[in-house]
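Have a look at input-v8.cif; it's mmCIF, N, CA and C atoms and all ligand atoms:
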data_structure
#
loop_
_atom_site.label_atom_id
_atom_site.label_comp_id
_atom_site.auth_asym_id
_atom_site.auth_seq_id
_atom_site.Cartn_x
_atom_site.Cartn_y
_atom_site.Cartn_z
N MET A 6 78.07 50.77 119.07
CA MET A 6 78.01 49.87 117.91
C MET A 6 76.97 50.37 116.93
N GLU A 7 77.26 50.29 115.65
CA GLU A 7 76.33 50.75 114.62
C GLU A 7 74.99 50.04 114.72
N ALA A 8 75.02 48.73 115.04
CA ALA A 8 73.77 47.96 115.09
C ALA A 8 72.83 48.47 116.16
N ASN A 9 73.41 49.08 117.21
CA ASN A 9 72.58 49.55 118.31
C ASN A 9 72.23 51.03 118.20
N ARG A 10 72.67 51.66 117.12
CA ARG A 10 72.40 53.09 116.95
C ARG A 10 70.90 53.31 116.91
N PRO A 11 70.37 54.25 117.73
CA PRO A 11 68.92 54.51 117.67
C PRO A 11 68.55 55.06 116.30
N THR A 12 67.40 54.64 115.80
CA THR A 12 67.01 55.08 114.47
C THR A 12 66.79 56.58 114.46
N GLU A 13 67.15 57.21 113.34
CA GLU A 13 66.91 58.65 113.17
C GLU A 13 65.43 58.87 112.85
N ILE A 14 64.91 60.04 113.22
CA ILE A 14 63.58 60.44 112.79
C ILE A 14 63.76 61.38 111.61
N VAL A 15 63.11 61.07 110.50
CA VAL A 15 63.30 61.79 109.24
C VAL A 15 62.00 62.50 108.86
N TRP A 16 62.12 63.70 108.30
CA TRP A 16 60.95 64.45 107.83
C TRP A 16 60.78 64.19 106.34
N ASP A 17 59.64 63.67 105.93
CA ASP A 17 59.30 63.53 104.51
C ASP A 17 58.23 64.59 104.22
N GLU A 18 58.68 65.71 103.70
CA GLU A 18 57.77 66.85 103.50
C GLU A 18 56.66 66.51 102.52
N LYS A 19 57.01 65.81 101.43
CA LYS A 19 56.02 65.50 100.39
C LYS A 19 54.91 64.59 100.93
N ALA A 20 55.31 63.59 101.68
CA ALA A 20 54.33 62.64 102.24
C ALA A 20 53.65 63.17 103.49
N GLN A 21 54.11 64.32 104.00
CA GLN A 21 53.59 64.92 105.24
C GLN A 21 53.69 63.92 106.40
N ARG A 22 54.92 63.46 106.58
CA ARG A 22 55.18 62.47 107.63
C ARG A 22 56.49 62.74 108.33
N PHE A 23 56.55 62.38 109.61
CA PHE A 23 57.82 62.14 110.28
C PHE A 23 57.90 60.63 110.41
N GLU A 24 59.06 60.07 110.11
CA GLU A 24 59.14 58.61 110.07
C GLU A 24 60.53 58.11 110.44
N THR A 25 60.60 56.83 110.76
CA THR A 25 61.90 56.22 111.00
C THR A 25 62.59 56.00 109.65
N GLU A 26 63.89 55.77 109.69
CA GLU A 26 64.64 55.61 108.44
C GLU A 26 64.08 54.48 107.58
N ASP A 27 63.59 53.41 108.23
CA ASP A 27 63.02 52.29 107.46
C ASP A 27 61.56 52.54 107.07
N LYS A 28 61.03 53.70 107.44
CA LYS A 28 59.66 54.14 107.12
C LYS A 28 58.57 53.30 107.78
N GLU A 29 58.95 52.38 108.66
CA GLU A 29 57.94 51.49 109.26
C GLU A 29 57.11 52.19 110.33
N ALA A 30 57.72 53.11 111.06
CA ALA A 30 57.00 53.86 112.10
C ALA A 30 56.86 55.30 111.60
N PHE A 31 55.69 55.87 111.81
CA PHE A 31 55.49 57.22 111.25
C PHE A 31 54.45 58.00 112.03
N LEU A 32 54.52 59.32 111.87
CA LEU A 32 53.47 60.23 112.33
C LEU A 32 53.00 60.98 111.09
N GLN A 33 51.71 60.84 110.78
CA GLN A 33 51.13 61.46 109.58
C GLN A 33 50.42 62.75 109.98
N TYR A 34 50.65 63.81 109.20
CA TYR A 34 49.96 65.07 109.52
C TYR A 34 49.37 65.70 108.26
N GLN A 35 48.50 66.69 108.47
CA GLN A 35 47.94 67.49 107.37
C GLN A 35 48.10 68.95 107.74
N ILE A 36 48.35 69.77 106.73
CA ILE A 36 48.51 71.21 106.96
C ILE A 36 47.20 71.93 106.61
N ASN A 37 46.75 72.78 107.51
CA ASN A 37 45.49 73.51 107.31
C ASN A 37 45.70 75.01 107.48
N ASP A 38 45.13 75.78 106.56
CA ASP A 38 45.08 77.23 106.75
C ASP A 38 43.96 77.54 107.72
N ILE A 39 44.24 78.39 108.69
CA ILE A 39 43.21 78.77 109.65
C ILE A 39 43.20 80.29 109.82
N LEU A 40 42.13 80.78 110.43
CA LEU A 40 42.04 82.20 110.75
C LEU A 40 41.88 82.33 112.25
N LEU A 41 42.74 83.14 112.86
CA LEU A 41 42.68 83.35 114.31
C LEU A 41 42.10 84.72 114.60
N ALA A 42 41.32 84.83 115.67
CA ALA A 42 40.81 86.14 116.09
C ALA A 42 41.99 87.02 116.46
N ALA A 43 41.95 88.27 116.03
CA ALA A 43 43.01 89.20 116.39
C ALA A 43 42.94 89.46 117.90
N PRO A 44 44.11 89.55 118.57
CA PRO A 44 44.09 89.75 120.02
C PRO A 44 43.33 91.02 120.39
N GLY A 45 42.52 90.90 121.44
CA GLY A 45 41.80 92.07 121.93
C GLY A 45 40.52 92.38 121.19
N GLU A 46 40.20 91.59 120.16
CA GLU A 46 38.99 91.85 119.39
C GLU A 46 37.86 90.95 119.90
N ASP A 47 36.63 91.43 119.83
CA ASP A 47 35.50 90.58 120.15
C ASP A 47 34.27 91.07 119.39
N GLY A 48 33.19 90.29 119.50
CA GLY A 48 31.93 90.67 118.88
C GLY A 48 32.06 90.87 117.38
N GLU A 49 31.40 91.86 116.84
CA GLU A 49 31.37 92.13 115.40
C GLU A 49 32.75 92.42 114.86
N GLN A 50 33.54 93.15 115.65
CA GLN A 50 34.87 93.52 115.17
C GLN A 50 35.73 92.28 114.96
N GLU A 51 35.49 91.27 115.80
CA GLU A 51 36.30 90.05 115.69
C GLU A 51 36.13 89.41 114.32
N LYS A 52 34.89 89.45 113.81
CA LYS A 52 34.62 88.83 112.52
C LYS A 52 35.40 89.51 111.41
N ALA A 53 35.58 90.81 111.56
CA ALA A 53 36.26 91.57 110.52
C ALA A 53 37.77 91.38 110.59
N LYS A 54 38.30 91.19 111.79
CA LYS A 54 39.76 91.13 111.94
C LYS A 54 40.21 89.72 112.29
N LYS A 55 40.63 88.99 111.30
CA LYS A 55 41.13 87.63 111.54
C LYS A 55 42.56 87.55 111.00
N LEU A 56 43.39 86.85 111.72
CA LEU A 56 44.78 86.72 111.31
C LEU A 56 45.01 85.35 110.69
N PRO A 57 45.58 85.28 109.48
CA PRO A 57 45.87 83.98 108.90
C PRO A 57 46.97 83.25 109.67
N ALA A 58 46.78 81.95 109.85
CA ALA A 58 47.79 81.13 110.53
C ALA A 58 47.73 79.72 109.93
N VAL A 59 48.63 78.88 110.38
CA VAL A 59 48.69 77.51 109.85
C VAL A 59 48.61 76.52 111.02
N ALA A 60 47.77 75.49 110.85
CA ALA A 60 47.66 74.45 111.87
C ALA A 60 48.13 73.11 111.29
N MET A 61 48.91 72.40 112.08
CA MET A 61 49.41 71.08 111.70
C MET A 61 48.52 70.05 112.41
N ASP A 62 47.68 69.39 111.64
CA ASP A 62 46.76 68.40 112.22
C ASP A 62 47.50 67.05 112.26
N MET A 63 47.84 66.60 113.46
CA MET A 63 48.58 65.33 113.60
C MET A 63 47.55 64.21 113.66
N VAL A 64 47.33 63.58 112.52
CA VAL A 64 46.18 62.69 112.38
C VAL A 64 46.43 61.24 112.82
N HIS A 65 47.65 60.75 112.67
CA HIS A 65 47.85 59.33 112.95
C HIS A 65 49.32 59.05 113.31
N THR A 66 49.49 58.21 114.32
CA THR A 66 50.84 57.75 114.68
C THR A 66 50.81 56.23 114.62
N TYR A 67 51.86 55.65 114.04
CA TYR A 67 51.90 54.18 113.93
C TYR A 67 53.31 53.66 114.21
N VAL A 68 53.38 52.65 115.04
CA VAL A 68 54.65 51.95 115.31
C VAL A 68 54.37 50.46 115.15
N PRO A 69 55.21 49.72 114.41
CA PRO A 69 54.98 48.28 114.25
C PRO A 69 54.96 47.58 115.62
N ARG A 70 54.12 46.57 115.73
CA ARG A 70 53.90 45.86 116.99
C ARG A 70 55.21 45.48 117.70
N SER A 71 56.18 45.01 116.92
CA SER A 71 57.43 44.51 117.51
C SER A 71 58.28 45.62 118.12
N LYS A 72 57.96 46.88 117.81
CA LYS A 72 58.78 47.99 118.32
C LYS A 72 58.02 48.88 119.29
N ARG A 73 56.85 48.46 119.72
CA ARG A 73 56.04 49.31 120.61
C ARG A 73 56.57 49.29 122.05
N GLY A 74 56.21 50.35 122.79
CA GLY A 74 56.57 50.44 124.20
C GLY A 74 58.01 50.87 124.44
N LEU A 75 58.70 51.31 123.40
CA LEU A 75 60.11 51.71 123.53
C LEU A 75 60.28 53.23 123.39
N GLY A 76 59.17 53.95 123.31
CA GLY A 76 59.26 55.41 123.20
C GLY A 76 59.41 55.91 121.77
N LEU A 77 59.23 55.02 120.79
CA LEU A 77 59.41 55.46 119.40
C LEU A 77 58.35 56.47 118.99
N ALA A 78 57.10 56.24 119.37
CA ALA A 78 56.03 57.19 119.04
C ALA A 78 56.32 58.54 119.69
N ALA A 79 56.83 58.52 120.91
CA ALA A 79 57.15 59.79 121.59
C ALA A 79 58.23 60.54 120.83
N ARG A 80 59.22 59.82 120.28
CA ARG A 80 60.28 60.48 119.51
C ARG A 80 59.73 61.07 118.22
N LEU A 81 58.80 60.39 117.58
CA LEU A 81 58.16 60.95 116.38
C LEU A 81 57.43 62.24 116.75
N CYS A 82 56.73 62.21 117.89
CA CYS A 82 55.99 63.40 118.34
C CYS A 82 56.96 64.53 118.70
N ASP A 83 58.05 64.20 119.37
CA ASP A 83 59.05 65.24 119.71
C ASP A 83 59.46 65.99 118.44
N ALA A 84 59.76 65.22 117.39
CA ALA A 84 60.22 65.83 116.13
C ALA A 84 59.11 66.67 115.49
N ALA A 85 57.89 66.16 115.51
CA ALA A 85 56.77 66.86 114.86
C ALA A 85 56.42 68.15 115.61
N PHE A 86 56.40 68.10 116.94
CA PHE A 86 56.08 69.31 117.72
C PHE A 86 57.20 70.35 117.58
N ALA A 87 58.44 69.90 117.58
CA ALA A 87 59.55 70.85 117.41
C ALA A 87 59.47 71.51 116.03
N HIS A 88 59.07 70.73 115.03
CA HIS A 88 58.90 71.26 113.68
C HIS A 88 57.79 72.32 113.67
N ALA A 89 56.66 72.01 114.31
CA ALA A 89 55.55 72.97 114.36
C ALA A 89 56.00 74.26 115.03
N GLN A 90 56.73 74.13 116.11
CA GLN A 90 57.19 75.33 116.83
C GLN A 90 58.16 76.14 115.96
N ARG A 91 59.10 75.47 115.31
CA ARG A 91 60.08 76.16 114.46
C ARG A 91 59.40 76.94 113.36
N HIS A 92 58.29 76.39 112.82
CA HIS A 92 57.61 77.01 111.69
C HIS A 92 56.39 77.83 112.13
N SER A 93 56.31 78.15 113.41
CA SER A 93 55.22 78.98 113.96
C SER A 93 53.85 78.43 113.60
N MET A 94 53.71 77.10 113.65
CA MET A 94 52.42 76.48 113.38
C MET A 94 51.76 76.06 114.69
N LEU A 95 50.42 76.08 114.69
CA LEU A 95 49.67 75.52 115.81
C LEU A 95 49.46 74.03 115.54
N VAL A 96 49.02 73.29 116.55
CA VAL A 96 48.87 71.83 116.41
C VAL A 96 47.47 71.40 116.78
N VAL A 97 46.89 70.51 115.97
CA VAL A 97 45.63 69.86 116.30
C VAL A 97 45.97 68.39 116.60
N PRO A 98 45.78 67.94 117.85
CA PRO A 98 46.20 66.57 118.21
C PRO A 98 45.08 65.55 117.95
N THR A 99 44.78 65.30 116.68
CA THR A 99 43.70 64.38 116.33
C THR A 99 44.01 62.94 116.77
N CYS A 100 45.26 62.53 116.65
CA CYS A 100 45.65 61.17 117.03
C CYS A 100 45.48 60.97 118.55
N SER A 101 44.82 59.88 118.95
CA SER A 101 44.52 59.66 120.37
C SER A 101 45.79 59.41 121.19
N TYR A 102 46.81 58.81 120.58
CA TYR A 102 48.06 58.61 121.32
C TYR A 102 48.61 59.98 121.73
N ILE A 103 48.54 60.95 120.82
CA ILE A 103 49.09 62.28 121.11
C ILE A 103 48.26 62.98 122.19
N SER A 104 46.93 62.97 122.04
CA SER A 104 46.10 63.71 123.00
C SER A 104 46.03 63.01 124.36
N GLU A 105 46.03 61.68 124.36
CA GLU A 105 45.80 60.96 125.62
C GLU A 105 47.09 60.54 126.35
N THR A 106 48.14 60.35 125.60
CA THR A 106 49.38 59.86 126.24
C THR A 106 50.53 60.86 126.11
N TYR A 107 50.82 61.30 124.87
CA TYR A 107 52.01 62.14 124.67
C TYR A 107 51.88 63.50 125.35
N LEU A 108 50.75 64.21 125.11
CA LEU A 108 50.63 65.57 125.66
C LEU A 108 50.57 65.60 127.19
N PRO A 109 49.83 64.70 127.85
CA PRO A 109 49.89 64.71 129.32
C PRO A 109 51.30 64.49 129.86
N ARG A 110 52.14 63.80 129.09
CA ARG A 110 53.51 63.55 129.54
C ARG A 110 54.47 64.67 129.10
N ASN A 111 54.01 65.52 128.20
CA ASN A 111 54.84 66.61 127.68
C ASN A 111 54.01 67.90 127.63
N PRO A 112 53.53 68.34 128.81
CA PRO A 112 52.55 69.44 128.82
C PRO A 112 53.08 70.78 128.31
N ALA A 113 54.38 70.92 128.18
CA ALA A 113 54.92 72.19 127.65
C ALA A 113 54.39 72.46 126.25
N TRP A 114 54.05 71.39 125.51
CA TRP A 114 53.57 71.57 124.13
C TRP A 114 52.11 72.03 124.08
N ASN A 115 51.42 72.04 125.21
CA ASN A 115 50.01 72.48 125.19
C ASN A 115 49.88 73.91 124.67
N SER A 116 50.93 74.68 124.81
CA SER A 116 50.88 76.08 124.36
C SER A 116 50.73 76.19 122.85
N LEU A 117 51.02 75.11 122.12
CA LEU A 117 50.90 75.15 120.64
C LEU A 117 49.52 74.71 120.16
N LEU A 118 48.66 74.24 121.05
CA LEU A 118 47.41 73.62 120.59
C LEU A 118 46.41 74.62 120.02
N TYR A 119 45.75 74.20 118.95
CA TYR A 119 44.67 74.99 118.34
C TYR A 119 43.36 74.26 118.61
N ASN A 120 42.40 74.97 119.21
CA ASN A 120 41.14 74.32 119.60
C ASN A 120 39.97 74.68 118.70
N GLY A 121 40.23 75.50 117.69
CA GLY A 121 39.13 75.91 116.82
C GLY A 121 38.83 74.89 115.74
N GLU A 122 37.95 75.30 114.83
CA GLU A 122 37.55 74.39 113.74
C GLU A 122 38.55 74.46 112.60
N LEU A 123 38.66 73.34 111.88
CA LEU A 123 39.48 73.31 110.68
C LEU A 123 38.54 73.36 109.48
N HIS A 124 38.79 74.31 108.57
CA HIS A 124 37.90 74.47 107.42
C HIS A 124 38.53 73.94 106.14
N SER A 125 39.78 74.28 105.93
CA SER A 125 40.38 73.92 104.64
C SER A 125 41.70 73.21 104.88
N SER A 126 42.11 72.41 103.93
CA SER A 126 43.41 71.77 104.01
C SER A 126 44.12 71.92 102.69
N MET A 127 45.46 71.80 102.74
CA MET A 127 46.23 71.89 101.49
C MET A 127 47.36 70.89 101.52
N1 LIG B 1 46.11 55.95 122.56
C1 LIG B 1 46.71 56.47 123.65
N2 LIG B 1 47.81 55.92 124.23
C2 LIG B 1 48.30 54.77 123.71
C3 LIG B 1 47.70 54.19 122.56
C4 LIG B 1 46.56 54.82 121.99
N3 LIG B 1 45.93 54.32 120.91
N4 LIG B 1 48.39 53.06 122.27
C5 LIG B 1 49.37 52.95 123.18
N5 LIG B 1 49.33 53.97 124.05
C6 LIG B 1 50.22 54.19 125.20
C7 LIG B 1 50.58 52.88 125.85
O1 LIG B 1 49.60 52.54 126.80
C8 LIG B 1 51.94 53.19 126.49
O2 LIG B 1 51.74 53.64 127.80
P1 LIG B 1 52.80 53.22 128.98
O3 LIG B 1 54.08 53.93 128.64
O4 LIG B 1 52.14 53.73 130.23
O5 LIG B 1 52.93 51.75 128.92
C9 LIG B 1 52.51 54.34 125.67
O6 LIG B 1 51.45 54.71 124.74
C10 LIG B 1 53.74 53.92 124.89
O7 LIG B 1 54.37 55.08 124.42
P2 LIG B 1 55.46 54.97 123.25
O8 LIG B 1 56.45 53.88 123.58
O9 LIG B 1 55.99 56.34 122.99
O10 LIG B 1 54.54 54.52 122.04
P3 LIG B 1 54.81 53.32 120.98
O11 LIG B 1 56.10 53.56 120.30
O12 LIG B 1 54.57 52.03 121.65
O13 LIG B 1 53.62 53.60 119.91
C11 LIG B 1 51.34 53.73 119.16
C12 LIG B 1 52.31 53.92 120.36
C13 LIG B 1 49.94 54.19 119.60
C14 LIG B 1 51.82 54.60 118.00
C15 LIG B 1 51.35 52.23 118.74
O14 LIG B 1 50.84 51.45 119.81
C16 LIG B 1 50.51 51.96 117.48
O15 LIG B 1 51.00 52.12 116.36
N6 LIG B 1 49.24 51.54 117.67
C17 LIG B 1 48.35 51.28 116.53
C18 LIG B 1 47.91 52.58 115.84
C19 LIG B 1 47.23 53.51 116.81
O16 LIG B 1 46.36 53.13 117.59
N7 LIG B 1 47.66 54.81 116.77
C20 LIG B 1 47.13 55.83 117.68
C21 LIG B 1 45.89 56.49 117.15
S1 LIG B 1 46.27 57.53 115.72
#
The structure in this file should be written as structure tokens.
Ligand code: COA
Amino acid sequence: MEANRPTEIVWDEKAQRFETEDKEAFLQYQINDILLAAPGEDGEQEKAKKLPAVAMDMVHTYVPRSKRGLGLAARLCDAAFAHAQRHSMLVVPTCSYISETYLPRNPAWNSLLYNGELHSSM
């Protein structure tokens, strides 16, 4: 039945959000340029050789009270992590739901995590 159709998760690139069709539930992110140490480099050489990369800082997840506990936040995260992987971005899990609940339940995504500092955003 159409009424029971699960809501789609939509990407709003301009707003930097993944959200439900009604926009009531969302995952907000920020894009940051980062520099990664080149593999195999250390010490002084490491400072000279840095590779530009992009980190997706997942700052906030929100689901309206009446829709909580149904896995909606997890679906928003599924879409956001898949997006990061498709676009070769690393992820900063600033939102506590993501770091404390979503990632322990979906440890395969730990391979995308960026643990360094964020300097600039765009
Ligand atoms: N931090 C970590 N885990 C949280 C959490 C939080 N702030 N809030 C709820 N959870 C856990 C619940 O304990 C629940 O665990 P359970 O499955 O063992 O019962 C689980 O998340 C529910 O997962 P899911 O159904 O995918 O999440 P949801 O659709 O209910 O939405 C939030 C979860 C956090 C997005 C929602 O509760 C919310 O919008 N809260 C207010 C805003 C907020 O605190 N956002 C997180 C910080 S950015």
Would you pick out the contacts of segment 59-65 of chain A at 6 Å or less, using all atoms listed in the file, so that residues sharing its chain but fewer than 3 positions from it are not included, and give the list as an mmCIF file with N, CA and C atoms, in the frame of the given file?
data_model
loop_
_atom_site.group_PDB
_atom_site.id
_atom_site.type_symbol
_atom_site.label_atom_id
_atom_site.label_comp_id
_atom_site.auth_asym_id
_atom_site.auth_seq_id
_atom_site.Cartn_x
_atom_site.Cartn_y
_atom_site.Cartn_z
ATOM 1 N N PHE A 31 55.690 55.870 111.810
ATOM 2 C CA PHE A 31 55.490 57.220 111.250
ATOM 3 C C PHE A 31 54.450 58.000 112.030
ATOM 4 N N LEU A 32 54.520 59.320 111.870
ATOM 5 C CA LEU A 32 53.470 60.230 112.330
ATOM 6 C C LEU A 32 53.000 60.980 111.090
ATOM 7 N N GLN A 33 51.710 60.840 110.780
ATOM 8 C CA GLN A 33 51.130 61.460 109.580
ATOM 9 C C GLN A 33 50.420 62.750 109.980
ATOM 10 N N TYR A 34 50.650 63.810 109.200
ATOM 11 C CA TYR A 34 49.960 65.070 109.520
ATOM 12 C C TYR A 34 49.370 65.700 108.260
ATOM 13 N N GLN A 35 48.500 66.690 108.470
ATOM 14 C CA GLN A 35 47.940 67.490 107.370
ATOM 15 C C GLN A 35 48.100 68.950 107.740
ATOM 16 N N ILE A 36 48.350 69.770 106.730
ATOM 17 C CA ILE A 36 48.510 71.210 106.960
ATOM 18 C C ILE A 36 47.200 71.930 106.610
ATOM 19 N N ASN A 37 46.750 72.780 107.510
ATOM 20 C CA ASN A 37 45.490 73.510 107.310
ATOM 21 C C ASN A 37 45.700 75.010 107.480
ATOM 22 N N ASP A 38 45.130 75.780 106.560
ATOM 23 C CA ASP A 38 45.080 77.230 106.750
ATOM 24 C C ASP A 38 43.960 77.540 107.720
ATOM 25 N N ILE A 39 44.240 78.390 108.690
ATOM 26 C CA ILE A 39 43.210 78.770 109.650
ATOM 27 C C ILE A 39 43.200 80.290 109.820
ATOM 28 N N MET A 94 53.710 77.100 113.650
ATOM 29 C CA MET A 94 52.420 76.480 113.380
ATOM 30 C C MET A 94 51.760 76.060 114.690
ATOM 31 N N LEU A 95 50.420 76.080 114.690
ATOM 32 C CA LEU A 95 49.670 75.520 115.810
ATOM 33 C C LEU A 95 49.460 74.030 115.540
ATOM 34 N N VAL A 96 49.020 73.290 116.550
ATOM 35 C CA VAL A 96 48.870 71.830 116.410
ATOM 36 C C VAL A 96 47.470 71.400 116.780
ATOM 37 N N VAL A 97 46.890 70.510 115.970
ATOM 38 C CA VAL A 97 45.630 69.860 116.300
ATOM 39 C C VAL A 97 45.970 68.390 116.600
ATOM 40 N N PRO A 98 45.780 67.940 117.850
ATOM 41 C CA PRO A 98 46.200 66.570 118.210
ATOM 42 C C PRO A 98 45.080 65.550 117.950
ATOM 43 N N THR A 99 44.780 65.300 116.680
ATOM 44 C CA THR A 99 43.700 64.380 116.330
ATOM 45 C C THR A 99 44.010 62.940 116.770
ATOM 46 N N CYS A 100 45.260 62.530 116.650
ATOM 47 C CA CYS A 100 45.650 61.170 117.030
ATOM 48 C C CYS A 100 45.480 60.970 118.550
#
Restricting to only N, CA and C atoms, whichever of A:Val68, A:Ala42, A:Ala84, A:Leu117 is closest to Ile14 of chain A is A:Ala84
Report task. Please identify every polymer residue within 8 Å of ligand LIG 1 (chain B), using only C-alpha atoms and all ligand atoms, and present the set as a list in words. Result -> Ala30, Val64, His65, Thr66, Tyr67, Val68, Pro69, Arg70, Lys72, Arg73, Gly74, Leu75, Gly76, Leu77, Ala78, Ala79, Arg80, Thr99, Cys100, Ser101, Tyr102, Ile103, Ser104, Glu105, Thr106 and Tyr107 of chain A
What box, with edges along x, y and z, holds each listed atom of segment 24-33 of chain A when 4 Å is added on every side, and can you state its centre and edge lengths in Å to one decimal, as JSON?
{"center_x": 57.5, "center_y": 57.1, "center_z": 109.7, "size_x": 22.2, "size_y": 19.3, "size_z": 13.3}
note - atom N of Glu122 of chain A and atom CA of Phe86 of chain A are separated by 19.3 Å
Review point. Given the choices A:Leu118, A:Leu81, A:Leu108, A:Leu123, which gets closest to Val15 of chain A if the distance is worked out from all atoms listed in the file?
Key: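 Closest to Val15 of chain A, using all atoms listed in the file: A:Leu81.
Of note, atom C of Pro11 of chain A and atom CA of Asp27 of chain A are spaced 10.8 Å apart.
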Compute the distance from (62.2, 59.0, 110.9) to each atom, counting all atoms listed in the file, keep the residues with any atom at most 6.5 Å away, and return them as a PDB file with N, CA and C atoms, in the frame of the given file; use the coordinates of the file.
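Okay, this is what ended up in selection_28.pdb:
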ATOM      1  N   THR A  12      67.400  54.640 115.800  1.00  0.00           N
ATOM      2  CA  THR A  12      67.010  55.080 114.470  1.00  0.00           C
ATOM      3  C   THR A  12      66.790  56.580 114.460  1.00  0.00           C
ATOM      4  N   GLU A  13      67.150  57.210 113.340  1.00  0.00           N
ATOM      5  CA  GLU A  13      66.910  58.650 113.170  1.00  0.00           C
ATOM      6  C   GLU A  13      65.430  58.870 112.850  1.00  0.00           C
ATOM      7  N   ILE A  14      64.910  60.040 113.220  1.00  0.00           N
ATOM      8  CA  ILE A  14      63.580  60.440 112.790  1.00  0.00           C
ATOM      9  C   ILE A  14      63.760  61.380 111.610  1.00  0.00           C
ATOM     10  N   VAL A  15      63.110  61.070 110.500  1.00  0.00           N
ATOM     11  CA  VAL A  15      63.300  61.790 109.240  1.00  0.00           C
ATOM     12  C   VAL A  15      62.000  62.500 108.860  1.00  0.00           C
ATOM     13  N   TRP A  16      62.120  63.700 108.300  1.00  0.00           N
ATOM     14  CA  TRP A  16      60.950  64.450 107.830  1.00  0.00           C
ATOM     15  C   TRP A  16      60.780  64.190 106.340  1.00  0.00           C
ATOM     16  N   PHE A  23      56.550  62.380 109.610  1.00  0.00           N
ATOM     17  CA  PHE A  23      57.820  62.140 110.280  1.00  0.00           C
ATOM     18  C   PHE A  23      57.900  60.630 110.410  1.00  0.00           C
ATOM     19  N   GLU A  24      59.060  60.070 110.110  1.00  0.00           N
ATOM     20  CA  GLU A  24      59.140  58.610 110.070  1.00  0.00           C
ATOM     21  C   GLU A  24      60.530  58.110 110.440  1.00  0.00           C
ATOM     22  N   THR A  25      60.600  56.830 110.760  1.00  0.00           N
ATOM     23  CA  THR A  25      61.900  56.220 111.000  1.00  0.00           C
ATOM     24  C   THR A  25      62.590  56.000 109.650  1.00  0.00           C
ATOM     25  N   GLU A  26      63.890  55.770 109.690  1.00  0.00           N
ATOM     26  CA  GLU A  26      64.640  55.610 108.440  1.00  0.00           C
ATOM     27  C   GLU A  26      64.080  54.480 107.580  1.00  0.00           C
ATOM     28  N   ASP A  27      63.590  53.410 108.230  1.00  0.00           N
ATOM     29  CA  ASP A  27      63.020  52.290 107.460  1.00  0.00           C
ATOM     30  C   ASP A  27      61.560  52.540 107.070  1.00  0.00           C
ATOM     31  N   LYS A  28      61.030  53.700 107.440  1.00  0.00           N
ATOM     32  CA  LYS A  28      59.660  54.140 107.120  1.00  0.00           C
ATOM     33  C   LYS A  28      58.570  53.300 107.780  1.00  0.00           C
TER      34      LYS A  28
END
Atom pair atom C of Lys54 of chain A + atom N of Leu40 of chain A, distance 9.3 Å
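For the residues A:Arg22, A:Ser116, A:Ala43, A:Ala58, ranking by smallest atom-to-atom distance to Cys82 of chain A using only C-alpha atoms places A:Arg22 first.
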| task | Please identify which residues in segment 12-100 of chain A DSSP calls helix (DSSP H, G or I) from the backbone, and express them as number ranges by chain. | result | A: 48-53, 70-72, 77-91
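Among the candidate residues A:Asp17, A:Glu29, A:Pro112, A:Ala85, the one lying nearest to Ser71 of chain A is A:Glu29, with distances computed using only C-alpha atoms.
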> Between A:Ala20, A:Tyr119, A:Pro44, A:Asn9, which is the closest to Ala89 of chain A once you count only C-alpha atoms?
Replying inline: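 Looking only at the distances to Ala89 of chain A, the closest residue turns out to be A:Tyr119.
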* Please return as a ChimeraX atom specification: the residues of segment 25-101 of chain A that backbone DSSP assigns to strand (DSSP E). => /A:25,31-42,55-67,95-97
